[in-house]
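Engineer: Okay, so here is query-v9.txt, and as you'll see once you scroll down, it has compact mmCIF, C-alpha atoms.
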# COMPACT_ATOMS: atom_id res chain seq x y z
CA MET A 1 -3.56 -12.02 -6.84
CA ALA A 2 -1.11 -11.68 -3.94
CA ALA A 3 1.51 -8.93 -3.97
CA ILE A 4 3.97 -11.21 -2.16
CA THR A 5 3.89 -15.01 -2.00
CA ILE A 6 6.29 -17.05 0.13
CA ASP A 7 5.82 -20.80 -0.17
CA ALA A 8 7.62 -23.17 2.25
CA VAL A 9 10.87 -21.18 2.18
CA SER A 10 13.85 -22.47 4.14
CA LYS A 11 17.43 -21.26 4.25
CA SER A 12 20.23 -23.31 5.77
CA TYR A 13 24.00 -22.97 5.77
CA ARG A 14 26.85 -25.45 5.45
CA ARG A 15 27.16 -25.97 9.18
CA GLY A 16 23.54 -27.13 9.28
CA GLU A 17 22.25 -23.89 10.79
CA PHE A 18 18.82 -22.70 9.65
CA ALA A 19 18.10 -19.01 9.10
CA LEU A 20 14.53 -19.82 7.97
CA ARG A 21 12.34 -22.90 8.34
CA ASP A 22 9.33 -23.53 6.07
CA VAL A 23 8.06 -19.95 6.03
CA THR A 24 4.76 -19.56 4.18
CA LEU A 25 3.03 -16.22 3.82
CA GLU A 26 0.93 -14.10 1.48
CA VAL A 27 0.67 -10.31 1.51
CA ALA A 28 -2.34 -8.78 -0.24
CA PRO A 29 -2.13 -5.86 -2.69
CA GLY A 30 -2.46 -2.49 -0.98
CA GLU A 31 -1.62 -3.94 2.45
CA ILE A 32 0.94 -2.66 4.93
CA PHE A 33 2.47 -5.80 6.42
CA GLY A 34 4.80 -5.59 9.42
CA LEU A 35 7.42 -8.26 10.13
CA LEU A 36 8.57 -8.41 13.74
CA GLY A 37 11.29 -10.50 15.28
CA PRO A 38 14.33 -10.28 17.56
CA ASN A 39 17.83 -9.86 16.16
CA GLY A 40 18.85 -13.00 14.29
CA ALA A 41 15.25 -14.13 13.72
CA GLY A 42 15.72 -14.23 9.93
CA LYS A 43 13.84 -11.04 8.93
CA THR A 44 16.61 -9.60 6.76
CA THR A 45 17.35 -12.99 5.22
CA LEU A 46 13.71 -13.33 4.19
CA VAL A 47 13.68 -9.89 2.55
CA LYS A 48 16.94 -10.64 0.73
CA ILE A 49 15.44 -13.86 -0.61
CA LEU A 50 12.43 -11.94 -1.89
CA LEU A 51 14.78 -9.48 -3.62
CA ASP A 52 16.95 -12.31 -5.03
CA LEU A 53 19.99 -11.13 -3.09
CA VAL A 54 20.06 -14.51 -1.31
CA ARG A 55 18.86 -17.83 -2.72
CA PRO A 56 16.66 -20.09 -0.55
CA THR A 57 17.69 -23.67 0.18
CA ARG A 58 14.17 -24.71 -0.76
CA GLY A 59 10.81 -23.11 -1.41
CA THR A 60 9.63 -20.43 -3.83
CA THR A 61 8.76 -16.74 -3.72
CA SER A 62 6.96 -14.36 -6.05
CA LEU A 63 6.41 -10.61 -6.27
CA LEU A 64 3.39 -9.16 -8.05
CA SER A 65 2.59 -12.60 -9.56
CA LEU A 66 6.09 -13.05 -11.04
CA PRO A 67 8.81 -15.36 -9.68
CA SER A 68 11.01 -13.09 -7.59
CA ARG A 69 14.15 -14.34 -9.32
CA GLN A 70 12.99 -12.72 -12.56
CA VAL A 71 14.38 -9.24 -13.18
CA ALA A 72 10.93 -8.10 -14.33
CA ALA A 73 9.51 -8.78 -10.85
CA ARG A 74 11.94 -6.33 -9.26
CA ARG A 75 11.39 -3.49 -11.73
CA ARG A 76 8.28 -2.47 -9.78
CA VAL A 77 9.93 -2.76 -6.36
CA GLY A 78 11.48 -0.10 -4.10
CA TYR A 79 13.85 -1.12 -1.30
CA LEU A 80 15.14 0.85 1.68
CA PRO A 81 17.75 -1.20 3.59
CA GLU A 82 18.63 -0.46 7.17
CA ASP A 83 21.34 2.20 7.53
CA HIS A 84 21.22 3.11 3.83
CA ARG A 85 24.28 5.06 2.66
CA PHE A 86 24.41 7.76 -0.03
CA PRO A 87 27.57 9.02 -1.75
CA GLU A 88 28.32 12.05 0.40
CA HIS A 89 29.23 14.39 -2.46
CA HIS A 90 25.60 14.29 -3.67
CA THR A 91 22.84 16.71 -2.80
CA PRO A 92 19.35 15.26 -2.33
CA VAL A 93 18.42 16.38 -5.85
CA SER A 94 21.48 14.89 -7.55
CA ALA A 95 21.20 11.66 -5.51
CA LEU A 96 17.57 11.18 -6.46
CA LEU A 97 18.27 11.96 -10.11
CA PHE A 98 20.99 9.30 -10.05
CA PHE A 99 18.73 6.65 -8.51
CA ALA A 100 15.85 7.59 -10.81
CA GLY A 101 18.19 7.04 -13.76
CA LEU A 102 19.11 3.59 -12.44
CA SER A 103 15.39 2.79 -12.46
CA GLY A 104 14.95 4.01 -16.01
CA VAL A 105 13.18 7.27 -15.15
CA ALA A 106 14.16 10.14 -17.46
CA PRO A 107 15.42 13.38 -15.80
CA ALA A 108 12.53 15.38 -17.26
CA VAL A 109 10.08 13.03 -15.55
CA ALA A 110 12.11 12.60 -12.37
CA ARG A 111 12.74 16.26 -11.54
CA PRO A 112 9.14 17.31 -10.70
CA ARG A 113 8.72 14.07 -8.71
CA ILE A 114 11.89 14.86 -6.76
CA ASP A 115 10.72 18.35 -5.81
CA ALA A 116 7.42 16.92 -4.57
CA LEU A 117 9.07 14.05 -2.68
CA LEU A 118 11.59 16.28 -0.91
CA ALA A 119 8.70 18.43 0.28
CA GLN A 120 6.82 15.32 1.46
CA VAL A 121 9.75 13.98 3.50
CA GLY A 122 10.65 17.40 4.94
CA LEU A 123 13.88 18.01 3.02
CA ALA A 124 12.81 20.80 0.64
CA ASP A 125 14.95 23.35 2.52
CA ALA A 126 17.98 21.04 2.34
CA ALA A 127 17.66 20.21 -1.38
CA GLY A 128 20.93 21.94 -2.30
CA ARG A 129 23.03 20.79 0.68
CA LYS A 130 25.61 18.01 0.55
CA VAL A 131 24.54 14.69 2.07
CA ARG A 132 27.76 14.56 4.11
CA GLY A 133 26.30 17.13 6.50
CA PHE A 134 23.03 15.31 7.05
CA SER A 135 21.95 13.77 10.33
CA LYS A 136 20.88 10.12 10.47
CA GLY A 137 17.24 11.15 10.44
CA MET A 138 17.73 13.34 7.38
CA LYS A 139 19.46 10.50 5.55
CA GLN A 140 16.55 8.22 6.45
CA ARG A 141 14.10 10.74 4.99
CA LEU A 142 16.17 10.90 1.81
CA GLY A 143 16.15 7.10 1.68
CA LEU A 144 12.36 7.11 1.69
CA ALA A 145 12.32 9.62 -1.15
CA GLN A 146 14.77 7.42 -3.08
CA VAL A 147 12.46 4.40 -2.65
CA LEU A 148 9.52 6.35 -4.07
CA VAL A 149 11.18 8.23 -6.94
CA ALA A 150 10.46 5.47 -9.50
CA GLU A 151 6.86 5.13 -8.23
CA PRO A 152 7.09 1.38 -7.48
CA ASP A 153 4.07 -0.82 -6.74
CA LEU A 154 5.76 -2.71 -3.88
CA LEU A 155 7.94 -1.23 -1.12
CA PHE A 156 10.33 -3.06 1.20
CA LEU A 157 11.29 -0.83 4.14
CA ASP A 158 13.78 -1.87 6.83
CA GLU A 159 13.45 0.34 9.94
CA PRO A 160 12.15 3.35 7.93
CA THR A 161 11.77 5.63 10.97
CA ASP A 162 15.11 4.75 12.59
CA GLY A 163 16.80 7.91 13.87
CA ILE A 164 13.76 10.12 13.26
CA ASP A 165 12.17 12.17 16.05
CA PRO A 166 8.53 11.59 17.13
CA VAL A 167 7.20 14.44 14.97
CA GLY A 168 9.10 13.07 11.98
CA ARG A 169 7.82 9.55 12.65
CA ALA A 170 4.26 10.82 12.55
CA GLU A 171 4.98 12.53 9.24
CA ILE A 172 6.50 9.33 7.82
CA ARG A 173 3.46 7.34 8.95
CA GLY A 174 1.29 9.82 7.08
CA LEU A 175 3.43 9.41 3.97
CA LEU A 176 3.21 5.61 4.12
CA GLU A 177 -0.56 5.73 4.64
CA GLN A 178 -0.73 7.96 1.57
CA GLN A 179 1.19 5.30 -0.40
CA ARG A 180 -1.30 2.67 0.75
CA ARG A 181 -4.19 4.84 -0.42
CA ALA A 182 -2.45 5.07 -3.79
CA GLY A 183 -2.62 1.26 -3.98
CA ARG A 184 0.98 0.44 -3.11
CA THR A 185 1.91 -2.58 -0.99
CA ILE A 186 4.38 -2.06 1.87
CA PHE A 187 6.44 -4.77 3.60
CA LEU A 188 7.86 -3.24 6.77
CA ASN A 189 10.57 -4.46 9.14
CA SER A 190 10.69 -2.56 12.41
CA HIS A 191 11.71 -2.91 16.05
CA LEU A 192 9.30 -0.11 17.03
CA LEU A 193 6.22 -2.05 18.06
CA SER A 194 4.22 1.14 18.58
CA GLU A 195 4.88 2.12 14.95
CA VAL A 196 3.79 -1.30 13.70
CA GLU A 197 0.67 -1.21 15.87
CA GLN A 198 -0.40 2.17 14.48
CA LEU A 199 0.47 1.56 10.84
CA CYS A 200 0.20 -2.07 9.79
CA ASP A 201 -2.87 -3.94 8.55
CA ARG A 202 -1.34 -7.28 9.55
CA VAL A 203 1.72 -8.41 11.45
CA GLY A 204 3.91 -11.51 11.32
CA ILE A 205 6.15 -12.57 14.20
CA LEU A 206 9.32 -14.41 13.20
CA ALA A 207 11.45 -16.19 15.80
CA ARG A 208 14.36 -18.59 15.29
CA GLY A 209 13.59 -18.69 11.58
CA GLU A 210 9.95 -19.76 12.04
CA LEU A 211 6.83 -17.70 11.43
CA LYS A 212 5.12 -18.02 14.81
CA ARG A 213 1.99 -15.89 14.37
CA VAL A 214 0.26 -13.87 11.65
CA GLY A 215 -2.79 -11.65 11.93
CA SER A 216 -4.07 -8.14 12.45
CA VAL A 217 -2.94 -6.31 15.58
CA ARG A 218 -6.45 -6.81 16.97
CA GLU A 219 -6.29 -10.57 16.34
CA LEU A 220 -2.84 -10.92 17.89
CA THR A 221 -3.76 -8.97 21.02
CA GLN A 222 -7.21 -10.39 21.73
CA SER A 223 -6.52 -14.09 22.12
CA ALA A 224 -8.49 -13.99 25.39
CA ILE A 225 -11.61 -11.94 26.16
CA CYS A 226 -10.91 -10.08 29.38
CA TRP A 227 -13.18 -7.50 30.99
CA ALA A 228 -12.40 -5.04 33.77
CA ILE A 229 -15.36 -3.88 35.89
CA THR A 230 -14.81 -1.00 38.31
CA LEU A 231 -17.16 -0.91 41.29
CA SER A 232 -17.94 1.84 43.78
CA GLN A 233 -16.10 -0.10 46.50
CA PRO A 234 -13.40 -2.81 46.61
CA PRO A 235 -14.75 -6.33 46.01
CA GLY A 236 -14.70 -8.64 48.98
CA GLU A 237 -13.58 -12.26 49.02
CA ALA A 238 -17.19 -13.46 49.16
CA LEU A 239 -18.08 -11.58 45.98
CA LEU A 240 -15.01 -12.90 44.13
CA ALA A 241 -15.89 -16.44 45.19
CA GLU A 242 -19.47 -15.99 43.89
CA LEU A 243 -18.17 -14.67 40.55
CA VAL A 244 -15.83 -17.64 40.20
CA ARG A 245 -18.70 -20.07 40.85
CA ALA A 246 -20.98 -18.26 38.37
CA PHE A 247 -18.52 -17.48 35.57
CA GLY A 248 -15.47 -19.63 36.18
CA ASP A 249 -13.01 -16.79 36.62
CA ALA A 250 -12.64 -13.56 38.61
CA ARG A 251 -9.74 -11.73 40.23
CA ARG A 252 -8.75 -8.35 41.57
CA ALA A 253 -7.00 -6.03 39.10
CA VAL A 254 -3.22 -5.83 39.39
CA SER A 255 -1.75 -2.35 39.91
CA ASP A 256 1.94 -3.28 39.42
CA GLY A 257 2.71 -2.48 43.06
CA ILE A 258 1.68 1.19 42.67
CA PRO A 259 -1.19 2.33 44.93
CA ASP A 260 -4.21 2.85 42.68
CA PRO A 261 -7.67 3.38 44.23
CA GLU A 262 -9.42 2.47 40.97
CA ALA A 263 -7.48 -0.79 40.60
CA ALA A 264 -8.42 -1.70 44.16
CA ARG A 265 -12.11 -1.41 43.17
CA THR A 266 -11.74 -3.31 39.88
CA VAL A 267 -12.59 -6.94 39.13
CA GLU A 268 -11.16 -8.65 36.05
CA LEU A 269 -12.89 -11.62 34.37
CA SER A 270 -11.93 -13.78 31.38
CA LEU A 271 -15.08 -14.77 29.51
CA ALA A 272 -15.66 -17.29 26.74
CA ARG A 273 -17.93 -14.89 24.80
CA ASP A 274 -18.33 -11.12 24.65
CA GLU A 275 -22.06 -11.51 25.29
CA ALA A 276 -21.36 -13.00 28.74
CA ILE A 277 -20.54 -9.53 30.08
CA ASP A 278 -24.29 -8.77 30.13
CA ALA A 279 -24.86 -11.62 32.54
CA VAL A 280 -22.00 -10.41 34.77
CA ILE A 281 -23.48 -6.90 34.94
CA ASP A 282 -26.93 -8.34 35.76
CA PHE A 283 -25.30 -10.50 38.45
CA LEU A 284 -23.65 -7.45 40.10
CA ARG A 285 -26.75 -5.26 39.89
CA ALA A 286 -28.86 -8.00 41.46
CA ARG A 287 -26.57 -7.65 44.49
CA GLU A 288 -27.14 -3.88 44.49
CA LEU A 289 -23.52 -3.12 43.61
CA SER A 290 -22.84 0.20 41.91
CA ILE A 291 -20.80 -0.11 38.68
CA ARG A 292 -18.50 2.80 37.83
CA GLY A 293 -16.93 1.47 34.63
CA VAL A 294 -16.75 -1.48 32.22
CA ALA A 295 -13.85 -1.92 29.78
CA ARG A 296 -12.76 -4.68 27.42
CA LYS A 297 -9.06 -5.31 27.92
CA ARG A 298 -6.52 -6.68 25.48
CA THR A 299 -2.90 -7.66 25.72
CA SER A 300 -0.36 -5.34 24.14
CA LEU A 301 1.41 -6.15 20.89
CA GLU A 302 4.60 -6.27 22.94
CA ALA A 303 3.11 -8.99 25.16
CA ALA A 304 1.99 -10.99 22.11
CA PHE A 305 5.46 -10.55 20.59
CA LEU A 306 7.28 -11.65 23.74
CA ASP A 307 4.98 -14.66 24.15
CA SER A 308 5.65 -15.76 20.57
CA VAL A 309 9.40 -15.26 20.84
CA ALA A 310 9.49 -17.13 24.14
CA GLY A 311 8.31 -20.29 22.44
CA GLY A 312 4.66 -20.04 21.39
CA GLY A 313 3.88 -22.58 18.66
CA ALA A 314 3.77 -21.66 15.00
CA ALA A 315 0.32 -20.50 14.03
CA PRO A 316 -1.58 -21.61 11.00
CA GLY A 317 -3.27 -19.20 8.64
CA ALA A 318 -0.33 -17.34 7.18
CA ALA A 319 -2.15 -16.68 3.93
CA ALA A 320 -3.49 -13.23 3.14
CA GLY A 321 -6.44 -12.30 5.32
CA ALA A 322 -6.03 -15.33 7.60
CA THR A 323 -6.14 -15.04 11.35
CA ALA A 324 -3.68 -16.35 13.87
Please, can you express the file's structure as structure tokens?
Structural biologist:
Amino acid sequence: MAAITIDAVSKSYRRGEFALRDVTLEVAPGEIFGLLGPNGAGKTTLVKILLDLVRPTRGTTSLLSLPSRQVAARRRVGYLPEDHRFPEHHTPVSALLFFAGLSGVAPAVARPRIDALLAQVGLADAAGRKVRGFSKGMKQRLGLAQVLVAEPDLLFLDEPTDGIDPVGRAEIRGLLEQQRRAGRTIFLNSHLLSEVEQLCDRVGILARGELKRVGSVRELTQSAICWAITLSQPPGEALLAELVRAFGDARRAVSDGIPDPEAARTVELSLARDEAIDAVIDFLRARELSIRGVARKRTSLEAAFLDSVAGGGAAPGAAAGATA
């Protein structure tokens, strides 16, 4: 059973413009899924379709095995929109009691949850203060508590760490990991690629309304197997030529224009299989070259993101657990 199912969803407008084109995706229960994309990619539109705030032109969606247009599907969902606003006369306690009531949670049940949640998000000392005096980061923390007060099974979070300092972001990551351990599913929109890389089980990259790639961070950043081998001395042209003849690829490491003695002594090779690195090491030792280091390199998530946004083709395998 998928927690989220998106089947061939498109959204177009009267002028013929497409916000989404045939998006298909499954998110597994207990997964933290990150959706990346530039401004205007269609991320918010997709979330609004899932929450029945916007209707698709074609295609279907479901939440927790129920059609997402059914009210029952959304009773087990928590949603934190970007730049969430609270009535400023509320305190955190009164605001959370209000939202708990909207979700059908009785005050006697909600109050102990609220005390625990405010402690978890770092607002226990501000429980009696008016929201009007809160910073953006404090309001974001309160928004996370509001999402969790009804103990939903599925969370939609749009930029949940926006405006929060690095220490606070680490605390929020810990809170979200705790929710995953409790069995909750999290669908996360974020522009902070480092946050997505540290937190998400899988990532989807949306560009111009199309889902370009889906997979784990490891899958998205290891499309090519590249090894860096640091020698005791810089490689000469003759050695590089021999490596090219033997393995099809070899080059000096790039140091981005900054003098770097280690980079000057490093050879990079793209290999078809991981096991081929053994043959490369044997090749170098046979020539009595001293090896100082061997490291498997991968592209960054940012590089994978930029490549996809720049026009990489849509990848198959958008179902839960599939690779890109």
Engineer: So how many Å separate CA of Glu262 (chain A) and CA of Thr230 (chain A), to one decimal?
Structural biologist: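 These atoms are spaced 6.9 Å apart.
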Engineer: Select, from A:Ser103, A:Gly133, A:Val149, A:Gly37, the residue with the minimum atom-to-atom distance to Leu117 (chain A), counting all atoms listed in the file.
Structural biologist: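 The shortest atom-to-atom distance to Leu117 (chain A) comes from A:Val149.
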Engineer: What separation in Å, quoted to one decimal, exists between CA of Ala127 (chain A) and CA of Ser94 (chain A)?
Structural biologist: 9.0 Å
Engineer: Give as a PyMOL selection string the set of residues within 6 Å of the point (13.7, 16.7, 7.3), where distances use the file's coordinates and all atoms listed in the file.
Structural biologist: chain A and resi 122-123+138
Engineer: Could you list, as a ChimeraX atom specification, every residue within 10 Å of region 73-78 of chain A, counting all atoms listed in the file and ignoring same-chain residues fewer than 5 positions away?
Structural biologist: /A:50-52,62-68,103-104,144,146-157,185-186
Engineer: Smallest atom-to-atom distance to Thr57 (chain A): which of A:Ala246, A:Leu142, A:Ala41, A:Ala8, using only C-alpha atoms?
Structural biologist: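 Counting only C-alpha atoms, the residue closest to Thr57 (chain A) is A:Ala8.
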Engineer: Excluding Lys48 (chain A) and its own-chain neighbours fewer than 6 positions away, which residues fall within 12 Å of it when counting all atoms listed in the file? Please give them as a PyMOL selection string.
Structural biologist: chain A and resi 11+19-20+42+54-56+61+68-69+74+79-81+156-158
Engineer: State, in Å with one decimal place, the distance from CA of Pro112 (chain A) to CA of Ala100 (chain A).
Structural biologist: 11.8 Å
Engineer: Do you know which residues are at most 10 Å from Ser290 (chain A) counting all atoms listed in the file, after dropping those on the same chain fewer than 5 positions away, and could you put them as an MDAnalysis selection string?
Structural biologist: chainID A and resid 230:233 281 284:285
Engineer: With distances taken over only C-alpha atoms, which residue among A:Glu197, A:Glu88, A:Asp83, A:Glu237 lies nearest Arg141 (chain A)?
Structural biologist: A:Asp83
Engineer: When you look at His191 (chain A) with a cut-off of 8 Å (counting only C-alpha atoms), what residues show up, excluding the ones that are within fewer than 6 positions of it in the same chain? I need them as JSON, numbers by chain.
Structural biologist: {"A": [36, 37, 38, 159]}
Engineer: So, with all atoms listed in the file as the atoms that count, which of A:Asp165, A:Asp201, A:Glu302, A:Asp7 lies closest to Glu177 (chain A)?
Structural biologist: A:Asp201
Engineer: Given all atoms listed in the file as the basis, pick out the residue of A:Arg111, A:His84, A:Lys297, A:Arg132 nearest to Leu96 (chain A).
Structural biologist: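 Selected residue with least distance to Leu96 (chain A): A:Arg111.
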Engineer: Between A:Phe33, A:Phe283, A:Phe305, A:Phe18, which residue has the minimum interatomic distance to Leu240 (chain A), considering all atoms listed in the file?
Structural biologist: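 Nearest to Leu240 (chain A): A:Phe283.
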Engineer: Adding 4 Å on each side of the box along x, y and z that holds all listed atoms of region 190-203 of chain A, could you give its centre and edge lengths in Å to one decimal, as lines of an AutoDock Vina configuration file?
Structural biologist:
center_x = 4.4
center_y = -3.1
center_z = 13.6
size_x = 22.6
size_y = 18.6
size_z = 18.0
Engineer: List every protein, DNA or RNA residue that has an atom no more than 7 Å from (-11.6, -6.8, 37.7) in the file's coordinate frame, counting all atoms listed in the file, and report them as a list in words.
Structural biologist: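 Residues with an atom at most 7 Å from (-11.6, -6.8, 37.7): Trp227, Ala228, Ile229, Thr230, Ala250, Arg251, Arg252, Ala253, Thr266, Val267, Glu268 and Leu269 of chain A.
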